[in-house]
Amino acid sequence: MDLFSYRNGELFAEDVPVRAIVEQAGTPCYIYSRGTIESHYDRLVEAFAPIDPLVCYSVKSCANLSILRTLGQRGAGMDVVSGGELFRARAAGVEATRCVYAGVGKTDEEIVYAIREGLGSNDVGLFNCESEQEFENIARLARLENMVVRVALRINPDVDPKTHRYTTTGKKESKFGVDLERARRFFERFGRDPYAKLVGLHLHIGSPVYTVEPYREAMAKTAALVETLAADGFAIRSIDLGGGFGADYESLQSPTLQEYANAILPIAKPLFDRGIRFILEPGRTIVANAGILVLKVLYTKTSGEKRFVICDAGMNALLRPSHYGSFHFIWPVAPGESMVPVRRTPDPQLPGTVPQDVVGPLCETGDFLALDRMLPANLERGDLLAVFTAGAYGMSMASRYNSSPLPAEILVTGSTVEIVRARETFDTIIEHELAPRRLVIASDAGTMIASNAGHLEPIE
Ligand code: LLP
């Protein structure tokens, strides 16, 4: 599952005591285990070896450059959903030709940036297009850039992944992709465009998906569409199955990667044998268990029957519990030998535990990491708590709400510890506000009124 384990009553990240890391790095901080990331990636590649997929790691799950570099060096491409994520992938040394680019709202500047980086110039890195208007826009911009780009159509297979409604993406009523009926018309209309070559299909049904059946169903619908399109005269050259594989928030909660593969391969392998290239976009299954968030207990208090553990970060550092009601196992970093949990569950069945709310310092009642969680009754000021399975959608969804500096990020490799994102300071919080600048507003509505496009050049 991961390389965070208790030794003599104390939590280790690979071969390093978490307490020793925190003494130098402070809290709140994310600690990642490189060994866990690499072994998850390797297991995925192994499980899907019969279809030899390009594994495009989903940058949104954890976007730290050192993690992207680790995976890029191991052979991964990247799944990006914005110009900023492509910029990160490039900064981590990953070629744009190994990136796939999804997202329902790509701007002109982002599309042009991706084209200029070379995304879409071969059959691997593709624009994953989500609508008719977006396709027309990609084709228009490719023509203006005098480039031919490869595009996959994101289809919405109308499969229920049985996960949180906020992260259900492959149902008809979600905003993503086009439904199967429209997919056929989409190819009729755009399948012969000279600048945007429609060569692939893309889907992503949701996240996390804890059963394999939705994948089987989505794969079967995709295979049927490939046949229909072939009969219509359109040859599909790549299929991107998206991400969504689970992680062990609770011990042994998720199917194994081999179990997902076993469901998908019987339908995918014959297509692979006919020359179709497969792409996967995993995020969570690679990094979720590879990261913990470490917090310090600032205060404890009781209010009536309720006991509160007040920590130095909450929903600002990890939004998932308050946003989705997600479970993250939380346990002291140094609980002592008699209090080491055997399984990560809401109640690890250890003596001397009582229900407590683990909350952050922010001025919101929704600022919690766990409610009524069984934790040692003797927690006190200065204790360190580890929030497990926090590597995915932890730091990447963190905010500076209440002007809280973002957490530091640490990467552990065996006994080597690196700070891979420095702790923010108050200065970094206000840096973009220090020099207000007056905009010249043109009276002619047709001219551009503001110019602050960062490194992206405005076009036209
Ligand atoms: N591909 C596409 C097109 C996606 O939208 C996503 C995730 C992935 C791949 C990667 O999915 P994964 O393998 O990581 O499950 N913030 C939520 C999860 C949102 C997922 C968004 N899309 C959470 O904290 O659970």
# chains A, B, ... in the order shown; residues from 1 in each chain; ligands from 1

call {"tool": "closest_atom_pairs", "arguments": {"of": "chain A", "to": "ligand 1", "cutoff": "9 Å", "atoms": "only C-alpha atoms and all ligand atoms", "output": "tab-separated table"}}
result
residue	atom	partner	partner_atom_place_in_ligand_line	distance
A:Cys56	CA	ligand 1	9 (C)	8.6
A:Tyr57	CA	ligand 1	10 (C)	7.8
A:Ser58	CA	ligand 1	10 (C)	5.1
A:Val59	CA	ligand 1	10 (C)	8.1
A:Lys60	CA	ligand 1	7 (C)	7.1
A:Ser61	CA	ligand 1	14 (O)	5.5
A:Cys62	CA	ligand 1	14 (O)	8.9
A:Asp79	CA	ligand 1	1 (N)	6.6
A:Val80	CA	ligand 1	1 (N)	8.3
A:Val81	CA	ligand 1	3 (C)	7.7
A:Tyr101	CA	ligand 1	3 (C)	8.4
A:Ala102	CA	ligand 1	3 (C)	5.8
A:Gly103	CA	ligand 1	3 (C)	7.0
A:Asn128	CA	ligand 1	3 (C)	8.5
A:Arg154	CA	ligand 1	3 (C)	8.8
A:His164	CA	ligand 1	25 (O)	8.2
A:Tyr166	CA	ligand 1	17 (C)	7.8
A:Thr167	CA	ligand 1	19 (C)	5.4
A:Thr168	CA	ligand 1	20 (C)	8.6
A:Thr169	CA	ligand 1	5 (O)	7.5
A:Phe176	CA	ligand 1	3 (C)	8.7
A:His202	CA	ligand 1	3 (C)	8.3
A:Leu203	CA	ligand 1	3 (C)	7.1
A:His204	CA	ligand 1	3 (C)	5.2
A:Ile205	CA	ligand 1	2 (C)	8.3
A:Gly206	CA	ligand 1	15 (O)	6.8
A:Ser207	CA	ligand 1	15 (O)	4.1
A:Pro208	CA	ligand 1	15 (O)	5.0
A:Val209	CA	ligand 1	15 (O)	7.5
A:Asp240	CA	ligand 1	1 (N)	9.0
A:Leu241	CA	ligand 1	1 (N)	8.2
A:Gly242	CA	ligand 1	1 (N)	4.4
A:Gly243	CA	ligand 1	13 (O)	3.7
A:Gly244	CA	ligand 1	15 (O)	3.2
A:Phe245	CA	ligand 1	13 (O)	5.4
A:Gly246	CA	ligand 1	15 (O)	6.7
A:Ala247	CA	ligand 1	15 (O)	8.7
A:Leu280	CA	ligand 1	9 (C)	7.9
A:Glu281	CA	ligand 1	9 (C)	4.6
A:Pro282	CA	ligand 1	13 (O)	3.6
A:Gly283	CA	ligand 1	14 (O)	3.4
A:Arg284	CA	ligand 1	14 (O)	3.7
A:Thr285	CA	ligand 1	13 (O)	6.0
A:Ile286	CA	ligand 1	13 (O)	7.9
A:Val287	CA	ligand 1	14 (O)	8.4
A:Ala288	CA	ligand 1	14 (O)	8.4
A:Leu319	CA	ligand 1	24 (O)	7.7
A:Arg320	CA	ligand 1	24 (O)	5.4
A:Pro321	CA	ligand 1	24 (O)	8.9
A:His323	CA	ligand 1	24 (O)	8.4
A:Tyr324	CA	ligand 1	25 (O)	7.5
A:Ser326	CA	ligand 1	25 (O)	7.8
A:Ala392	CA	ligand 1	24 (O)	6.8
A:Tyr393	CA	ligand 1	24 (O)	4.6
A:Gly394	CA	ligand 1	24 (O)	7.2
A:Ser396	CA	ligand 1	16 (N)	8.7
A:Met397	CA	ligand 1	16 (N)	7.3

call {"tool": "closest_atom_pairs", "arguments": {"of": "stretch 8-108 of chain A", "to": "stretch 135-147 of chain A", "cutoff": "12 Å", "atoms": "only C-alpha atoms", "output": "CSV"}}
result
residue,atom,partner,partner_atom,distance
A:Tyr101,CA,A:Ile138,CA,11.9
A:Val104,CA,A:Phe135,CA,10.9
A:Gly105,CA,A:Asn137,CA,11.3
A:Lys106,CA,A:Ile138,CA,9.3
A:Thr107,CA,A:Asn137,CA,9.4
A:Asp108,CA,A:Leu141,CA,7.6

call {"tool": "atom_distance", "arguments": {"atom1": "atom CA of A:Arg90", "atom2": "atom CA of A:Ala63"}}
result
12.0 Å

call {"tool": "atom_distance", "arguments": {"atom1": "atom CA of A:Arg150", "atom2": "atom CA of A:Glu181"}}
result
22.1 Å

call {"tool": "residues_around", "arguments": {"residues": "stretch 339-349 of chain A", "least_positions_apart": "4", "cutoff": "6 Å", "atoms": "only C-alpha atoms", "output": "list in words"}}
result
Glu250, Ser251, Phe329, Pro335 and Met374 of chain A

call {"tool": "closest_residue", "arguments": {"among": "A:Ala334, A:Val94, A:Val148, A:Val417", "to": "A:Asn8", "atoms": "only C-alpha atoms"}}
result
A:Ala334

call {"tool": "residues_around", "arguments": {"residues": "A:Leu384", "least_positions_apart": "5", "cutoff": "8 Å", "atoms": "only C-alpha atoms", "output": "list in words"}}
result
Arg19, Val294, Leu295, Lys296, Val297, Pro332, Val333 and Ala334 of chain A

call {"tool": "select_by_dssp", "arguments": {"residues": "stretch 215-447 of chain A", "states": "strand (DSSP E or B)", "output": "number ranges by chain"}}
result
A: 238-240, 245, 277-280, 291-303, 306-311, 330-332, 353-359, 368-376, 384-387, 408-413, 416-421

call {"tool": "closest_residue", "arguments": {"among": "A:Glu95, A:Glu433, A:Asp52, A:Glu173", "to": "A:Leu265", "atoms": "only C-alpha atoms"}}
result
A:Asp52

call {"tool": "residues_around", "arguments": {"residues": "A:Thr211", "least_positions_apart": "3", "cutoff": "9 Å", "atoms": "only C-alpha atoms", "output": "PyMOL selection string"}}
result
chain A and resi 161-162+214-215+245-246+254-255+260

call {"tool": "write_last_selection", "arguments": {"atoms": "all heavy atoms", "output": "mmCIF file, in the first residue's frame"}}
result
data_model
loop_
_atom_site.group_PDB
_atom_site.id
_atom_site.type_symbol
_atom_site.label_atom_id
_atom_site.label_comp_id
_atom_site.auth_asym_id
_atom_site.auth_seq_id
_atom_site.Cartn_x
_atom_site.Cartn_y
_atom_site.Cartn_z
ATOM 1 N N PRO A 161 -20.217 5.430 -12.303
ATOM 2 C CA PRO A 161 -19.031 4.910 -11.609
ATOM 3 C C PRO A 161 -19.267 4.686 -10.123
ATOM 4 O O PRO A 161 -18.387 4.230 -9.406
ATOM 5 C CB PRO A 161 -18.004 6.016 -11.829
ATOM 6 C CG PRO A 161 -18.811 7.271 -11.904
ATOM 7 C CD PRO A 161 -20.133 6.887 -12.525
ATOM 8 N N LYS A 162 -20.468 5.034 -9.636
ATOM 9 C CA LYS A 162 -20.842 4.852 -8.219
ATOM 10 C C LYS A 162 -19.841 5.512 -7.283
ATOM 11 O O LYS A 162 -19.282 4.890 -6.378
ATOM 12 C CB LYS A 162 -21.001 3.370 -7.897
ATOM 13 C CG LYS A 162 -22.049 2.696 -8.776
ATOM 14 C CD LYS A 162 -22.416 1.325 -8.293
ATOM 15 C CE LYS A 162 -23.599 0.754 -9.057
ATOM 16 N NZ LYS A 162 -23.398 0.652 -10.505
ATOM 17 N N PRO A 214 -17.844 -0.720 -13.854
ATOM 18 C CA PRO A 214 -18.036 0.457 -14.722
ATOM 19 C C PRO A 214 -16.984 0.550 -15.831
ATOM 20 O O PRO A 214 -17.283 1.018 -16.937
ATOM 21 C CB PRO A 214 -17.904 1.636 -13.750
ATOM 22 C CG PRO A 214 -18.276 1.076 -12.419
ATOM 23 C CD PRO A 214 -17.791 -0.342 -12.432
ATOM 24 N N TYR A 215 -15.760 0.097 -15.550
ATOM 25 C CA TYR A 215 -14.725 0.115 -16.587
ATOM 26 C C TYR A 215 -15.050 -0.875 -17.703
ATOM 27 O O TYR A 215 -14.882 -0.583 -18.881
ATOM 28 C CB TYR A 215 -13.348 -0.217 -15.995
ATOM 29 C CG TYR A 215 -12.746 0.948 -15.246
ATOM 30 C CD1 TYR A 215 -12.774 0.985 -13.863
ATOM 31 C CD2 TYR A 215 -12.183 2.015 -15.924
ATOM 32 C CE1 TYR A 215 -12.240 2.063 -13.169
ATOM 33 C CE2 TYR A 215 -11.647 3.101 -15.241
ATOM 34 C CZ TYR A 215 -11.681 3.113 -13.866
ATOM 35 O OH TYR A 215 -11.161 4.189 -13.192
ATOM 36 N N PHE A 245 -8.816 4.996 -11.019
ATOM 37 C CA PHE A 245 -8.592 3.815 -10.181
ATOM 38 C C PHE A 245 -8.468 4.245 -8.717
ATOM 39 O O PHE A 245 -7.950 5.320 -8.418
ATOM 40 C CB PHE A 245 -7.320 3.070 -10.617
ATOM 41 C CG PHE A 245 -7.331 2.637 -12.059
ATOM 42 C CD1 PHE A 245 -6.178 2.695 -12.826
ATOM 43 C CD2 PHE A 245 -8.495 2.175 -12.644
ATOM 44 C CE1 PHE A 245 -6.186 2.301 -14.160
ATOM 45 C CE2 PHE A 245 -8.520 1.779 -13.976
ATOM 46 C CZ PHE A 245 -7.354 1.840 -14.735
ATOM 47 N N GLY A 246 -8.907 3.374 -7.814
ATOM 48 C CA GLY A 246 -9.025 3.751 -6.406
ATOM 49 C C GLY A 246 -7.696 3.784 -5.656
ATOM 50 O O GLY A 246 -6.628 3.532 -6.215
ATOM 51 N N SER A 254 -9.393 -0.636 -1.979
ATOM 52 C CA SER A 254 -9.471 -0.539 -3.440
ATOM 53 C C SER A 254 -9.190 -1.877 -4.112
ATOM 54 O O SER A 254 -8.384 -2.660 -3.617
ATOM 55 C CB SER A 254 -8.429 0.486 -3.898
ATOM 56 O OG SER A 254 -8.448 0.602 -5.292
ATOM 57 N N PRO A 255 -9.833 -2.129 -5.262
ATOM 58 C CA PRO A 255 -9.378 -3.270 -6.065
ATOM 59 C C PRO A 255 -7.902 -3.077 -6.414
ATOM 60 O O PRO A 255 -7.416 -1.939 -6.432
ATOM 61 C CB PRO A 255 -10.231 -3.178 -7.344
ATOM 62 C CG PRO A 255 -11.390 -2.307 -7.008
ATOM 63 C CD PRO A 255 -10.929 -1.388 -5.918
ATOM 64 N N TYR A 260 -8.369 -4.249 -11.912
ATOM 65 C CA TYR A 260 -8.882 -3.314 -12.936
ATOM 66 C C TYR A 260 -8.465 -3.802 -14.329
ATOM 67 O O TYR A 260 -9.263 -3.820 -15.272
ATOM 68 C CB TYR A 260 -8.329 -1.902 -12.716
ATOM 69 C CG TYR A 260 -8.897 -1.167 -11.521
ATOM 70 C CD1 TYR A 260 -8.111 -0.891 -10.408
ATOM 71 C CD2 TYR A 260 -10.222 -0.717 -11.513
ATOM 72 C CE1 TYR A 260 -8.613 -0.190 -9.317
ATOM 73 C CE2 TYR A 260 -10.732 -0.020 -10.430
ATOM 74 C CZ TYR A 260 -9.925 0.242 -9.334
ATOM 75 O OH TYR A 260 -10.430 0.936 -8.263
#

call {"tool": "atom_distance", "arguments": {"atom1": "atom CA of A:Arg421", "atom2": "atom CA of A:Asn64"}}
result
7.6 Å

call {"tool": "residues_around", "arguments": {"residues": "A:Phe190", "least_positions_apart": "6", "cutoff": "12 Å", "atoms": "only C-alpha atoms", "output": "list in words"}}
result
Cys129, Ser131, Glu132, Gln133, Glu134, Phe135, Glu136, Asn137, Ile138, Ala139, Val151, Ala152, Leu153, Arg182, Ala183, Arg184, Ala196, Lys197, Leu198, Val199 and Phe234 of chain A

call {"tool": "select_by_dssp", "arguments": {"residues": "stretch 11-213 of chain A", "states": "alpha helix (DSSP H)", "output": "PyMOL selection string"}}
result
chain A and resi 18-25+34-47+65-73+83-91+108-117+132-144+180-190+213

call {"tool": "residues_around", "arguments": {"residues": "A:Tyr32", "least_positions_apart": "4", "cutoff": "7 Å", "atoms": "only C-alpha atoms", "output": "list in words"}}
result
Ala290, Gly291, Ile292, Gly391, Ile410, Leu411 and Val412 of chain A

call {"tool": "write_last_selection", "arguments": {"atoms": "C-alpha atoms", "output": "PDB file, in the first residue's frame"}}
result
ATOM      1  CA  ALA A 290       2.351   8.055  -1.419  1.00  0.00           C
ATOM      2  CA  GLY A 291       1.683  11.186   0.636  1.00  0.00           C
ATOM      3  CA  ILE A 292       0.817  12.175   4.185  1.00  0.00           C
ATOM      4  CA  GLY A 391      -0.900  12.605  -1.707  1.00  0.00           C
ATOM      5  CA  ILE A 410       8.972  17.019   1.249  1.00  0.00           C
ATOM      6  CA  LEU A 411      10.083  14.072  -0.864  1.00  0.00           C
ATOM      7  CA  VAL A 412      11.686  11.078   0.854  1.00  0.00           C
TER       8      VAL A 412
END

call {"tool": "closest_residue", "arguments": {"among": "A:Gln356, A:Leu229, A:Thr413, A:Asn378", "to": "A:Ile37", "atoms": "only C-alpha atoms"}}
result
A:Thr413
